[in-house]
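Report on the following structure.
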Amino acid sequence: MFKKILIANRGEIAVRIIRACRELGIKAVAVYSEIDRKSLHVRMADEAYFIGPSPSTASYLNMEKLIEVAKKAGCEGIHPGYGFLAENSAFARKVEEQGLVFIGPPASAIELLGDKMAARKTMKKAGIEVVPGTEEPLETEEQGLKIARKIGFPILIKAAGGGGGKGMRVVREEKDLKEAMRACASEAKSAFADARIYIEKYLEKPRHVEIQILGDKFGKVIHLGERECSIQRRHQKVIEESPSPIVDEKMRKKMGETAVKAAKAAGYYNAGTMEFLVDSDKNFYFLEANTRLQVEHPVTEMVTGIDIAKEQIRIASGSPLSYKQEDVSWKGTAIECRIYAEDPENNFLPSTGMVSHYEEPAGPGIRVDAGLYEGCEIPIYYDPIIGKLITWGANRDEAIQRMKRALSEYHISGVATTIPFHIQVLDNEKFKRGELSTHFIQEEFSQGLKVTLEEDELKMVALFAALAEYQNKKRVQSAFGGKNSRVQEKENPWKMEGRRRGLRRFGM
Amino acid sequence: MKYVARIEDKNYQIDITEADGRLEVKLNGKPISVDFAQIKPPNFFSFLVDNISFDVEIIKNSESYWVNMNGRKYECFLEDEKISRLKDIAGFKKEILQEKELKTPMPGLVLAIEVKEGDLVKTGQGVAIIEAMKMENELKAKFDGKVKKVKVKPGQAVDKDEVLVVFE
């Protein structure tokens, strides 16, 4: 086992990995940019090293600097977290070339699976069903038209090097195809330096179901079941759960075996995720692979009891898998709400600033993975995920009720968060019935947060504001020599104390 | 003390008097029992209204109060009842906050300004694109108006509440 590793990340995921290190008895080394000096991951780590200015290109994406720090600090491995360099095969290769261990899959697998077209080809060869479409880049518009006609509209034009919802275009009619191909190719070229595009059948209202896999360096691969991540906004996941409301034991086994086969076909080890689209007839198609620890990994940890982050570190250090497939079982339901620093009442615009008040929920079945504390700053430079709230319940209903309870206990002030939005989604009848699709938010919450003003609540708001104003006035009066002035307090402390006691009855 | 509280387009009267160190509160003329305790100064309060418990954050702005309750935030404008009555007599109209500027709600980088001076904009029309937290965010006009002045250029870094565009 390692003695010390470097965590090339920040925020909640760096904190998550530090916790894994601590439980394994490994020293955790953090890195930080200029603005992150006071961030929670720096405070929690055993050691922390400054790596550069605040923009991520100058700090968290600086490969040479990260490797240099890892060596200087005497680390044996680097955990990339998610985002930043997590799915960068060049970084994985460089780390290993420098005699350090990359805590993740081999560079070759990242490279293969990162190229969407190469991944489709590999999976098809291994006998895995992919979303109908092309495996070769489109050369001409005529070729695109021929293929689109064959698989039928609507179709999706995708960039081979794309990901995270970027570089995609839906085409519903033949007349829009040429323009979409041109636009997608030029976008892909400027965003990913790779103009290759391909066609995929566009599934109407699919579900997004993914399988967590774990593999060791000895060729053993197991799966930890599925997560449903259909609740998305602008292609970004918002709420995830495990198990999926539509997956039964038989389907889980079939999907799990497919995911394991996919991982083996790519020569994969460590933790990874195979994403599938599921149509209304429960047919599933390989979509893409995520070659990293996922944001939503905690829901799987809650239902299986397996610590994925710790298992990643063990596997990277050369240990065989701690579990056999038959050891893996699932209990209850876990749900995760991603807490974004975005204002749901203002078109989900990012919100930055100081967290002036912070209170985490507690009690049965609650887990909070966050990088927050009272007084911390939410900078503008990085991803807006500031935390994750996860609840476990004996069944889906209990997990939902618990999540609502936990959200109402989660107090974050100073920055706007998506907590009020989550509360409304959890109250949605379709959500409660498990009728999910990737179009759920678009269809049910097209206007964002639903603002309904309850008369009873407004009355209370008016009352509280008036009382606050009244108290403020009194304080000002007493500070500037009104009848409760401090001078009098000095003259007659007993009387003042008596008055204070009187006041205390209503809390001043 | 008598207050008129306005939330959105609704008005409420709150009457607060103090007798023997106790508060007597009337809401829309009806007596109501209120006990309140400051939990964490300056903004956090626990209220018991007829023994019903409320956990509330109240933040004072220059012209209004923000009340955070049950995961929702409300803006409440308060007026002394006397002033409110005087204004009514004098024929003052309730002042609707008329923003004549588009400010950025967050710090970031100006990627584009989608209007130019002299343009007529409609409510909901995109005015500027600001990059923050790795995302592009389009700021939209909150009212109809004519662009008087564009105060920033693409590529410029802006602070929270910085004025981007002034309208006539």
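We name chains A, B, ... following the order of the structure tokens; residues begin at 1 in each chain, and ligands are numbered from 1 as shown.
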Please report, as a PDB file with N, CA and C atoms, in the first residue's frame, each residue of range 5-202 of chain A to which DSSP assigns alpha helix (DSSP H) when run on this structure's backbone.
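So selection.pdb came out as:
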ATOM      1  N   GLY A  11     -11.839  21.300  -3.936  1.00  0.00           N
ATOM      2  CA  GLY A  11     -13.265  21.236  -3.626  1.00  0.00           C
ATOM      3  C   GLY A  11     -13.688  19.925  -2.995  1.00  0.00           C
ATOM      4  N   GLU A  12     -14.984  19.595  -3.204  1.00  0.00           N
ATOM      5  CA  GLU A  12     -15.551  18.455  -2.493  1.00  0.00           C
ATOM      6  C   GLU A  12     -14.862  17.133  -2.829  1.00  0.00           C
ATOM      7  N   ILE A  13     -14.401  16.964  -4.088  1.00  0.00           N
ATOM      8  CA  ILE A  13     -13.826  15.666  -4.450  1.00  0.00           C
ATOM      9  C   ILE A  13     -12.448  15.489  -3.808  1.00  0.00           C
ATOM     10  N   ALA A  14     -11.700  16.590  -3.660  1.00  0.00           N
ATOM     11  CA  ALA A  14     -10.410  16.493  -2.977  1.00  0.00           C
ATOM     12  C   ALA A  14     -10.647  16.096  -1.517  1.00  0.00           C
ATOM     13  N   VAL A  15     -11.663  16.678  -0.913  1.00  0.00           N
ATOM     14  CA  VAL A  15     -12.011  16.345   0.472  1.00  0.00           C
ATOM     15  C   VAL A  15     -12.402  14.859   0.575  1.00  0.00           C
ATOM     16  N   ARG A  16     -13.182  14.395  -0.390  1.00  0.00           N
ATOM     17  CA  ARG A  16     -13.608  12.985  -0.410  1.00  0.00           C
ATOM     18  C   ARG A  16     -12.395  12.053  -0.441  1.00  0.00           C
ATOM     19  N   ILE A  17     -11.416  12.396  -1.268  1.00  0.00           N
ATOM     20  CA  ILE A  17     -10.250  11.517  -1.423  1.00  0.00           C
ATOM     21  C   ILE A  17      -9.345  11.593  -0.191  1.00  0.00           C
ATOM     22  N   ILE A  18      -9.257  12.794   0.410  1.00  0.00           N
ATOM     23  CA  ILE A  18      -8.481  12.916   1.653  1.00  0.00           C
ATOM     24  C   ILE A  18      -9.080  11.984   2.720  1.00  0.00           C
ATOM     25  N   ARG A  19     -10.421  11.931   2.772  1.00  0.00           N
ATOM     26  CA  ARG A  19     -11.067  11.049   3.758  1.00  0.00           C
ATOM     27  C   ARG A  19     -10.706   9.589   3.514  1.00  0.00           C
ATOM     28  N   ALA A  20     -10.648   9.203   2.229  1.00  0.00           N
ATOM     29  CA  ALA A  20     -10.267   7.818   1.899  1.00  0.00           C
ATOM     30  C   ALA A  20      -8.837   7.544   2.362  1.00  0.00           C
ATOM     31  N   CYS A  21      -7.944   8.506   2.109  1.00  0.00           N
ATOM     32  CA  CYS A  21      -6.541   8.360   2.506  1.00  0.00           C
ATOM     33  C   CYS A  21      -6.427   8.161   4.012  1.00  0.00           C
ATOM     34  N   ARG A  22      -7.133   9.016   4.732  1.00  0.00           N
ATOM     35  CA  ARG A  22      -7.073   8.961   6.183  1.00  0.00           C
ATOM     36  C   ARG A  22      -7.478   7.588   6.704  1.00  0.00           C
ATOM     37  N   GLU A  23      -8.551   7.031   6.122  1.00  0.00           N
ATOM     38  CA  GLU A  23      -9.026   5.724   6.586  1.00  0.00           C
ATOM     39  C   GLU A  23      -8.063   4.613   6.210  1.00  0.00           C
ATOM     40  N   LEU A  24      -7.264   4.831   5.163  1.00  0.00           N
ATOM     41  CA  LEU A  24      -6.289   3.818   4.751  1.00  0.00           C
ATOM     42  C   LEU A  24      -4.936   4.025   5.433  1.00  0.00           C
ATOM     43  N   LEU A  40     -11.203  24.205   1.970  1.00  0.00           N
ATOM     44  CA  LEU A  40     -11.276  23.117   2.941  1.00  0.00           C
ATOM     45  C   LEU A  40     -10.267  22.002   2.677  1.00  0.00           C
ATOM     46  N   HIS A  41     -10.031  21.685   1.390  1.00  0.00           N
ATOM     47  CA  HIS A  41      -9.116  20.568   1.107  1.00  0.00           C
ATOM     48  C   HIS A  41      -7.696  20.858   1.596  1.00  0.00           C
ATOM     49  N   VAL A  42      -7.321  22.140   1.571  1.00  0.00           N
ATOM     50  CA  VAL A  42      -5.984  22.523   2.054  1.00  0.00           C
ATOM     51  C   VAL A  42      -5.916  22.364   3.579  1.00  0.00           C
ATOM     52  N   ARG A  43      -6.999  22.778   4.237  1.00  0.00           N
ATOM     53  CA  ARG A  43      -7.029  22.680   5.696  1.00  0.00           C
ATOM     54  C   ARG A  43      -7.035  21.234   6.174  1.00  0.00           C
ATOM     55  N   MET A  44      -7.688  20.359   5.394  1.00  0.00           N
ATOM     56  CA  MET A  44      -7.821  18.971   5.831  1.00  0.00           C
ATOM     57  C   MET A  44      -6.618  18.091   5.495  1.00  0.00           C
ATOM     58  N   MET A  63       0.386  20.107 -15.733  1.00  0.00           N
ATOM     59  CA  MET A  63       0.879  18.736 -15.523  1.00  0.00           C
ATOM     60  C   MET A  63       2.278  18.696 -14.913  1.00  0.00           C
ATOM     61  N   GLU A  64       3.190  19.498 -15.499  1.00  0.00           N
ATOM     62  CA  GLU A  64       4.590  19.451 -15.047  1.00  0.00           C
ATOM     63  C   GLU A  64       4.692  19.822 -13.574  1.00  0.00           C
ATOM     64  N   LYS A  65       3.970  20.885 -13.231  1.00  0.00           N
ATOM     65  CA  LYS A  65       4.023  21.379 -11.856  1.00  0.00           C
ATOM     66  C   LYS A  65       3.495  20.316 -10.878  1.00  0.00           C
ATOM     67  N   LEU A  66       2.393  19.678 -11.248  1.00  0.00           N
ATOM     68  CA  LEU A  66       1.791  18.676 -10.366  1.00  0.00           C
ATOM     69  C   LEU A  66       2.747  17.505 -10.130  1.00  0.00           C
ATOM     70  N   ILE A  67       3.378  17.075 -11.213  1.00  0.00           N
ATOM     71  CA  ILE A  67       4.312  15.949 -11.096  1.00  0.00           C
ATOM     72  C   ILE A  67       5.535  16.350 -10.261  1.00  0.00           C
ATOM     73  N   GLU A  68       5.990  17.578 -10.492  1.00  0.00           N
ATOM     74  CA  GLU A  68       7.142  18.093  -9.738  1.00  0.00           C
ATOM     75  C   GLU A  68       6.833  18.121  -8.236  1.00  0.00           C
ATOM     76  N   VAL A  69       5.646  18.611  -7.903  1.00  0.00           N
ATOM     77  CA  VAL A  69       5.246  18.677  -6.490  1.00  0.00           C
ATOM     78  C   VAL A  69       5.122  17.272  -5.900  1.00  0.00           C
ATOM     79  N   ALA A  70       4.538  16.359  -6.673  1.00  0.00           N
ATOM     80  CA  ALA A  70       4.370  14.985  -6.188  1.00  0.00           C
ATOM     81  C   ALA A  70       5.719  14.363  -5.840  1.00  0.00           C
ATOM     82  N   LYS A  71       6.691  14.616  -6.706  1.00  0.00           N
ATOM     83  CA  LYS A  71       8.031  14.051  -6.459  1.00  0.00           C
ATOM     84  C   LYS A  71       8.692  14.718  -5.253  1.00  0.00           C
ATOM     85  N   LYS A  72       8.571  16.041  -5.220  1.00  0.00           N
ATOM     86  CA  LYS A  72       9.184  16.807  -4.131  1.00  0.00           C
ATOM     87  C   LYS A  72       8.620  16.376  -2.779  1.00  0.00           C
ATOM     88  N   SER A  89      -5.248  11.410 -21.117  1.00  0.00           N
ATOM     89  CA  SER A  89      -4.342  10.258 -21.237  1.00  0.00           C
ATOM     90  C   SER A  89      -2.881  10.698 -21.217  1.00  0.00           C
ATOM     91  N   ALA A  90      -2.604  11.904 -21.733  1.00  0.00           N
ATOM     92  CA  ALA A  90      -1.217  12.393 -21.742  1.00  0.00           C
ATOM     93  C   ALA A  90      -0.711  12.555 -20.317  1.00  0.00           C
ATOM     94  N   PHE A  91      -1.595  13.042 -19.436  1.00  0.00           N
ATOM     95  CA  PHE A  91      -1.200  13.218 -18.038  1.00  0.00           C
ATOM     96  C   PHE A  91      -0.949  11.846 -17.388  1.00  0.00           C
ATOM     97  N   ALA A  92      -1.870  10.919 -17.606  1.00  0.00           N
ATOM     98  CA  ALA A  92      -1.716   9.578 -17.025  1.00  0.00           C
ATOM     99  C   ALA A  92      -0.388   8.967 -17.458  1.00  0.00           C
ATOM    100  N   ARG A  93      -0.054   9.158 -18.744  1.00  0.00           N
ATOM    101  CA  ARG A  93       1.187   8.588 -19.275  1.00  0.00           C
ATOM    102  C   ARG A  93       2.404   9.253 -18.639  1.00  0.00           C
ATOM    103  N   LYS A  94       2.364  10.596 -18.570  1.00  0.00           N
ATOM    104  CA  LYS A  94       3.492  11.346 -17.983  1.00  0.00           C
ATOM    105  C   LYS A  94       3.736  10.943 -16.546  1.00  0.00           C
ATOM    106  N   VAL A  95       2.657  10.794 -15.784  1.00  0.00           N
ATOM    107  CA  VAL A  95       2.773  10.425 -14.373  1.00  0.00           C
ATOM    108  C   VAL A  95       3.505   9.093 -14.257  1.00  0.00           C
ATOM    109  N   GLU A  96       3.089   8.118 -15.077  1.00  0.00           N
ATOM    110  CA  GLU A  96       3.682   6.783 -15.000  1.00  0.00           C
ATOM    111  C   GLU A  96       5.138   6.802 -15.503  1.00  0.00           C
ATOM    112  N   GLU A  97       5.405   7.625 -16.523  1.00  0.00           N
ATOM    113  CA  GLU A  97       6.773   7.733 -17.041  1.00  0.00           C
ATOM    114  C   GLU A  97       7.733   8.274 -15.994  1.00  0.00           C
ATOM    115  N   ALA A 107      -3.372   4.688 -19.371  1.00  0.00           N
ATOM    116  CA  ALA A 107      -3.470   5.757 -20.372  1.00  0.00           C
ATOM    117  C   ALA A 107      -4.084   5.240 -21.669  1.00  0.00           C
ATOM    118  N   SER A 108      -3.749   4.002 -22.036  1.00  0.00           N
ATOM    119  CA  SER A 108      -4.254   3.448 -23.300  1.00  0.00           C
ATOM    120  C   SER A 108      -5.783   3.355 -23.290  1.00  0.00           C
ATOM    121  N   ALA A 109      -6.372   2.977 -22.137  1.00  0.00           N
ATOM    122  CA  ALA A 109      -7.830   2.854 -22.045  1.00  0.00           C
ATOM    123  C   ALA A 109      -8.500   4.227 -22.059  1.00  0.00           C
ATOM    124  N   ILE A 110      -7.857   5.211 -21.411  1.00  0.00           N
ATOM    125  CA  ILE A 110      -8.419   6.574 -21.422  1.00  0.00           C
ATOM    126  C   ILE A 110      -8.472   7.088 -22.849  1.00  0.00           C
ATOM    127  N   GLU A 111      -7.373   6.811 -23.575  1.00  0.00           N
ATOM    128  CA  GLU A 111      -7.262   7.289 -24.944  1.00  0.00           C
ATOM    129  C   GLU A 111      -8.322   6.640 -25.825  1.00  0.00           C
ATOM    130  N   LEU A 112      -8.439   5.342 -25.717  1.00  0.00           N
ATOM    131  CA  LEU A 112      -9.388   4.595 -26.544  1.00  0.00           C
ATOM    132  C   LEU A 112     -10.824   5.028 -26.254  1.00  0.00           C
ATOM    133  N   LEU A 113     -11.178   5.099 -24.978  1.00  0.00           N
ATOM    134  CA  LEU A 113     -12.569   5.392 -24.617  1.00  0.00           C
ATOM    135  C   LEU A 113     -12.896   6.878 -24.741  1.00  0.00           C
ATOM    136  N   GLY A 114     -11.852   7.718 -24.709  1.00  0.00           N
ATOM    137  CA  GLY A 114     -12.058   9.152 -24.848  1.00  0.00           C
ATOM    138  C   GLY A 114     -12.413   9.531 -26.279  1.00  0.00           C
ATOM    139  N   LYS A 116     -14.749   8.968 -28.951  1.00  0.00           N
ATOM    140  CA  LYS A 116     -16.094   8.364 -28.982  1.00  0.00           C
ATOM    141  C   LYS A 116     -16.251   7.369 -30.132  1.00  0.00           C
ATOM    142  N   MET A 117     -15.635   7.686 -31.267  1.00  0.00           N
ATOM    143  CA  MET A 117     -15.797   6.796 -32.410  1.00  0.00           C
ATOM    144  C   MET A 117     -15.017   5.508 -32.230  1.00  0.00           C
ATOM    145  N   ALA A 118     -13.782   5.624 -31.738  1.00  0.00           N
ATOM    146  CA  ALA A 118     -12.973   4.437 -31.484  1.00  0.00           C
ATOM    147  C   ALA A 118     -13.663   3.549 -30.440  1.00  0.00           C
ATOM    148  N   ALA A 119     -14.282   4.201 -29.440  1.00  0.00           N
ATOM    149  CA  ALA A 119     -14.975   3.448 -28.388  1.00  0.00           C
ATOM    150  C   ALA A 119     -16.147   2.676 -28.983  1.00  0.00           C
ATOM    151  N   ARG A 120     -16.914   3.318 -29.845  1.00  0.00           N
ATOM    152  CA  ARG A 120     -18.062   2.648 -30.483  1.00  0.00           C
ATOM    153  C   ARG A 120     -17.603   1.433 -31.282  1.00  0.00           C
ATOM    154  N   LYS A 121     -16.510   1.621 -31.991  1.00  0.00           N
ATOM    155  CA  LYS A 121     -15.966   0.549 -32.830  1.00  0.00           C
ATOM    156  C   LYS A 121     -15.570  -0.646 -31.957  1.00  0.00           C
ATOM    157  N   THR A 122     -14.827  -0.338 -30.881  1.00  0.00           N
ATOM    158  CA  THR A 122     -14.356  -1.394 -29.979  1.00  0.00           C
ATOM    159  C   THR A 122     -15.531  -2.164 -29.383  1.00  0.00           C
ATOM    160  N   MET A 123     -16.553  -1.420 -28.939  1.00  0.00           N
ATOM    161  CA  MET A 123     -17.699  -2.063 -28.300  1.00  0.00           C
ATOM    162  C   MET A 123     -18.462  -2.920 -29.287  1.00  0.00           C
ATOM    163  N   LYS A 124     -18.639  -2.409 -30.501  1.00  0.00           N
ATOM    164  CA  LYS A 124     -19.362  -3.172 -31.522  1.00  0.00           C
ATOM    165  C   LYS A 124     -18.634  -4.485 -31.812  1.00  0.00           C
ATOM    166  N   LYS A 125     -17.310  -4.381 -31.878  1.00  0.00           N
ATOM    167  CA  LYS A 125     -16.501  -5.571 -32.154  1.00  0.00           C
ATOM    168  C   LYS A 125     -16.651  -6.601 -31.030  1.00  0.00           C
ATOM    169  N   GLU A 141     -21.189  15.733 -47.002  1.00  0.00           N
ATOM    170  CA  GLU A 141     -22.573  15.951 -46.599  1.00  0.00           C
ATOM    171  C   GLU A 141     -23.502  14.904 -47.215  1.00  0.00           C
ATOM    172  N   GLU A 142     -23.157  14.452 -48.427  1.00  0.00           N
ATOM    173  CA  GLU A 142     -23.980  13.430 -49.097  1.00  0.00           C
ATOM    174  C   GLU A 142     -23.957  12.136 -48.287  1.00  0.00           C
ATOM    175  N   GLN A 143     -22.748  11.804 -47.809  1.00  0.00           N
ATOM    176  CA  GLN A 143     -22.591  10.596 -47.000  1.00  0.00           C
ATOM    177  C   GLN A 143     -23.444  10.703 -45.732  1.00  0.00           C
ATOM    178  N   GLY A 144     -23.401  11.887 -45.107  1.00  0.00           N
ATOM    179  CA  GLY A 144     -24.190  12.124 -43.903  1.00  0.00           C
ATOM    180  C   GLY A 144     -25.671  11.951 -44.171  1.00  0.00           C
ATOM    181  N   LEU A 145     -26.106  12.468 -45.291  1.00  0.00           N
ATOM    182  CA  LEU A 145     -27.518  12.389 -45.652  1.00  0.00           C
ATOM    183  C   LEU A 145     -27.953  10.940 -45.847  1.00  0.00           C
ATOM    184  N   LYS A 146     -27.090  10.163 -46.513  1.00  0.00           N
ATOM    185  CA  LYS A 146     -27.391   8.755 -46.786  1.00  0.00           C
ATOM    186  C   LYS A 146     -27.577   7.991 -45.463  1.00  0.00           C
ATOM    187  N   ILE A 147     -26.634   8.215 -44.561  1.00  0.00           N
ATOM    188  CA  ILE A 147     -26.677   7.508 -43.275  1.00  0.00           C
ATOM    189  C   ILE A 147     -27.886   7.954 -42.450  1.00  0.00           C
ATOM    190  N   ALA A 148     -28.136   9.261 -42.455  1.00  0.00           N
ATOM    191  CA  ALA A 148     -29.259   9.791 -41.684  1.00  0.00           C
ATOM    192  C   ALA A 148     -30.582   9.208 -42.176  1.00  0.00           C
ATOM    193  N   ARG A 149     -30.708   9.073 -43.495  1.00  0.00           N
ATOM    194  CA  ARG A 149     -31.925   8.492 -44.068  1.00  0.00           C
ATOM    195  C   ARG A 149     -32.070   7.043 -43.648  1.00  0.00           C
ATOM    196  N   LYS A 150     -30.939   6.360 -43.627  1.00  0.00           N
ATOM    197  CA  LYS A 150     -30.957   4.922 -43.295  1.00  0.00           C
ATOM    198  C   LYS A 150     -31.426   4.686 -41.856  1.00  0.00           C
ATOM    199  N   ILE A 151     -30.855   5.461 -40.902  1.00  0.00           N
ATOM    200  CA  ILE A 151     -31.239   5.207 -39.501  1.00  0.00           C
ATOM    201  C   ILE A 151     -32.485   6.000 -39.107  1.00  0.00           C
ATOM    202  N   LEU A 177     -29.821  19.272 -42.010  1.00  0.00           N
ATOM    203  CA  LEU A 177     -28.653  18.414 -41.793  1.00  0.00           C
ATOM    204  C   LEU A 177     -27.330  19.072 -42.183  1.00  0.00           C
ATOM    205  N   LYS A 178     -27.307  19.646 -43.403  1.00  0.00           N
ATOM    206  CA  LYS A 178     -26.045  20.211 -43.906  1.00  0.00           C
ATOM    207  C   LYS A 178     -25.501  21.272 -42.956  1.00  0.00           C
ATOM    208  N   GLU A 179     -26.379  22.180 -42.594  1.00  0.00           N
ATOM    209  CA  GLU A 179     -25.959  23.284 -41.731  1.00  0.00           C
ATOM    210  C   GLU A 179     -25.459  22.749 -40.381  1.00  0.00           C
ATOM    211  N   ALA A 180     -26.170  21.758 -39.828  1.00  0.00           N
ATOM    212  CA  ALA A 180     -25.782  21.197 -38.529  1.00  0.00           C
ATOM    213  C   ALA A 180     -24.412  20.530 -38.617  1.00  0.00           C
ATOM    214  N   MET A 181     -24.163  19.826 -39.724  1.00  0.00           N
ATOM    215  CA  MET A 181     -22.861  19.167 -39.879  1.00  0.00           C
ATOM    216  C   MET A 181     -21.727  20.185 -39.926  1.00  0.00           C
ATOM    217  N   ARG A 182     -21.970  21.231 -40.726  1.00  0.00           N
ATOM    218  CA  ARG A 182     -20.954  22.285 -40.843  1.00  0.00           C
ATOM    219  C   ARG A 182     -20.677  22.928 -39.483  1.00  0.00           C
ATOM    220  N   ALA A 183     -21.749  23.312 -38.804  1.00  0.00           N
ATOM    221  CA  ALA A 183     -21.597  24.010 -37.526  1.00  0.00           C
ATOM    222  C   ALA A 183     -20.917  23.118 -36.486  1.00  0.00           C
ATOM    223  N   CYS A 184     -21.327  21.849 -36.436  1.00  0.00           N
ATOM    224  CA  CYS A 184     -20.782  20.926 -35.445  1.00  0.00           C
ATOM    225  C   CYS A 184     -19.288  20.703 -35.672  1.00  0.00           C
ATOM    226  N   ALA A 185     -18.915  20.542 -36.956  1.00  0.00           N
ATOM    227  CA  ALA A 185     -17.506  20.306 -37.276  1.00  0.00           C
ATOM    228  C   ALA A 185     -16.643  21.504 -36.891  1.00  0.00           C
ATOM    229  N   SER A 186     -17.138  22.694 -37.172  1.00  0.00           N
ATOM    230  CA  SER A 186     -16.310  23.874 -36.866  1.00  0.00           C
ATOM    231  C   SER A 186     -16.234  24.102 -35.358  1.00  0.00           C
ATOM    232  N   GLU A 187     -17.361  23.821 -34.678  1.00  0.00           N
ATOM    233  CA  GLU A 187     -17.369  23.932 -33.217  1.00  0.00           C
ATOM    234  C   GLU A 187     -16.395  22.927 -32.595  1.00  0.00           C
ATOM    235  N   ALA A 188     -16.446  21.710 -33.130  1.00  0.00           N
ATOM    236  CA  ALA A 188     -15.593  20.637 -32.617  1.00  0.00           C
ATOM    237  C   ALA A 188     -14.128  20.981 -32.817  1.00  0.00           C
ATOM    238  N   LYS A 189     -13.852  21.607 -33.963  1.00  0.00           N
ATOM    239  CA  LYS A 189     -12.466  21.955 -34.256  1.00  0.00           C
ATOM    240  C   LYS A 189     -11.951  22.995 -33.259  1.00  0.00           C
ATOM    241  N   SER A 190     -12.772  23.999 -32.987  1.00  0.00           N
ATOM    242  CA  SER A 190     -12.287  25.048 -32.083  1.00  0.00           C
ATOM    243  C   SER A 190     -12.313  24.593 -30.621  1.00  0.00           C
ATOM    244  N   ALA A 191     -13.286  23.750 -30.234  1.00  0.00           N
ATOM    245  CA  ALA A 191     -13.381  23.346 -28.831  1.00  0.00           C
ATOM    246  C   ALA A 191     -12.465  22.174 -28.479  1.00  0.00           C
ATOM    247  N   PHE A 192     -12.319  21.205 -29.396  1.00  0.00           N
ATOM    248  CA  PHE A 192     -11.553  19.995 -29.069  1.00  0.00           C
ATOM    249  C   PHE A 192     -10.362  19.776 -29.990  1.00  0.00           C
TER     250      PHE A 192
END
Give me the chain B side of the contact with chain A, cut-off 9 Å, one line per residue showing its nearest atom pair and distance in Å at one decimal, counting only C-alpha atoms, sorted by chain and residue number, as a tab-separated table.
residue	atom	partner	partner_atom	distance
B:Met1	CA	A:Tyr470	CA	7.8
B:Lys2	CA	A:Ala466	CA	8.9
B:Tyr3	CA	A:Ala466	CA	6.7
B:Val4	CA	A:Ala466	CA	8.3
B:Ala5	CA	A:Ala462	CA	5.5
B:Arg6	CA	A:Ala462	CA	7.3
B:Ile7	CA	A:Leu458	CA	7.2
B:Lys10	CA	A:Leu458	CA	8.7
B:Asn11	CA	A:Ala462	CA	8.6
B:Tyr12	CA	A:Ala462	CA	6.7
B:Gln13	CA	A:Ala462	CA	8.4
B:Ile14	CA	A:Leu463	CA	6.5
B:Asp15	CA	A:Ala466	CA	8.8
B:Ile16	CA	A:Leu467	CA	7.8
B:Asp20	CA	A:Gly502	CA	7.9
B:Gly21	CA	A:Gly502	CA	5.2
B:Arg22	CA	A:Leu503	CA	7.0
B:Leu23	CA	A:Phe506	CA	7.3
B:Val25	CA	A:Leu463	CA	9.0
B:Leu27	CA	A:Leu463	CA	7.1
B:Val34	CA	A:Phe506	CA	7.8
B:Asp35	CA	A:Phe506	CA	5.0
B:Phe36	CA	A:Gly507	CA	5.2
B:Ala37	CA	A:Gly507	CA	4.1
B:Gln38	CA	A:Gly507	CA	6.4
B:Phe47	CA	A:Phe464	CA	8.1
B:Val49	CA	A:Met460	CA	8.5
B:Val56	CA	A:Phe464	CA	8.3
B:Glu57	CA	A:Ser413	CA	8.6
B:Ile58	CA	A:Ala465	CA	7.1
B:Ile59	CA	A:Ala465	CA	9.0
B:Lys60	CA	A:Glu469	CA	8.5
B:Ser64	CA	A:Ala465	CA	9.0
B:Tyr65	CA	A:Ala465	CA	6.3
B:Trp66	CA	A:Ala465	CA	8.0
B:Val67	CA	A:Val461	CA	6.5
B:Asn68	CA	A:Val461	CA	8.6
B:Met69	CA	A:Val461	CA	8.1
B:Asn70	CA	A:Ser408	CA	6.6
B:Gly71	CA	A:Pro420	CA	5.4
B:Arg72	CA	A:Pro420	CA	6.4
B:Tyr74	CA	A:Val461	CA	7.4
B:Glu75	CA	A:Val461	CA	8.7
B:Cys76	CA	A:Ala462	CA	6.6
B:Phe77	CA	A:Ala465	CA	8.4
B:Leu78	CA	A:Ala466	CA	7.0
B:Pro105	CA	A:Ser351	CA	7.8
B:Met106	CA	A:Ser351	CA	6.2
B:Pro107	CA	A:Ile380	CA	7.1
B:Gly108	CA	A:Ile380	CA	7.0
B:Ala132	CA	A:Ile380	CA	5.6
B:Met133	CA	A:Ile380	CA	4.9
B:Lys134	CA	A:Tyr382	CA	6.3
B:Met135	CA	A:Pro350	CA	8.4
B:Asn137	CA	A:Leu349	CA	6.6
B:Glu138	CA	A:Leu349	CA	8.6
B:Leu139	CA	A:Leu349	CA	8.8
B:Lys160	CA	A:Thr352	CA	9.0
Point to revise | Backbone-only DSSP, strand (DSSP E) members of range 5-148 of chain B, as a PyMOL selection string | key: chain B and resi 5-7+10-19+22-27+30-32+34-40+44-49+52-60+65-69+72-80+101-103+108-113+120-121+126-132+135-140+145-148
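Interatomic distance, CA of Ala141 in chain B to CA of His235 in chain A: 25.5 Å.
Minimum atom-to-atom distance to Ala262 in chain A, evaluated using only C-alpha atoms, belongs to A:Met274 out of A:Ile386, A:Met274, A:Ile339, A:Ala399.
Note that the spacing between CA of Ile39 in chain B and CA of Thr391 in chain A amounts to 27.4 Å.
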Check your understanding: Could you pull the residues within 10 Å of Arg314 in chain A, counting only C-alpha atoms, minus those fewer than 4 positions along the same chain, as a VMD selection string?
Key -> chain A and resid 1 to 2 24 103 216 270 308 to 310 318 to 322
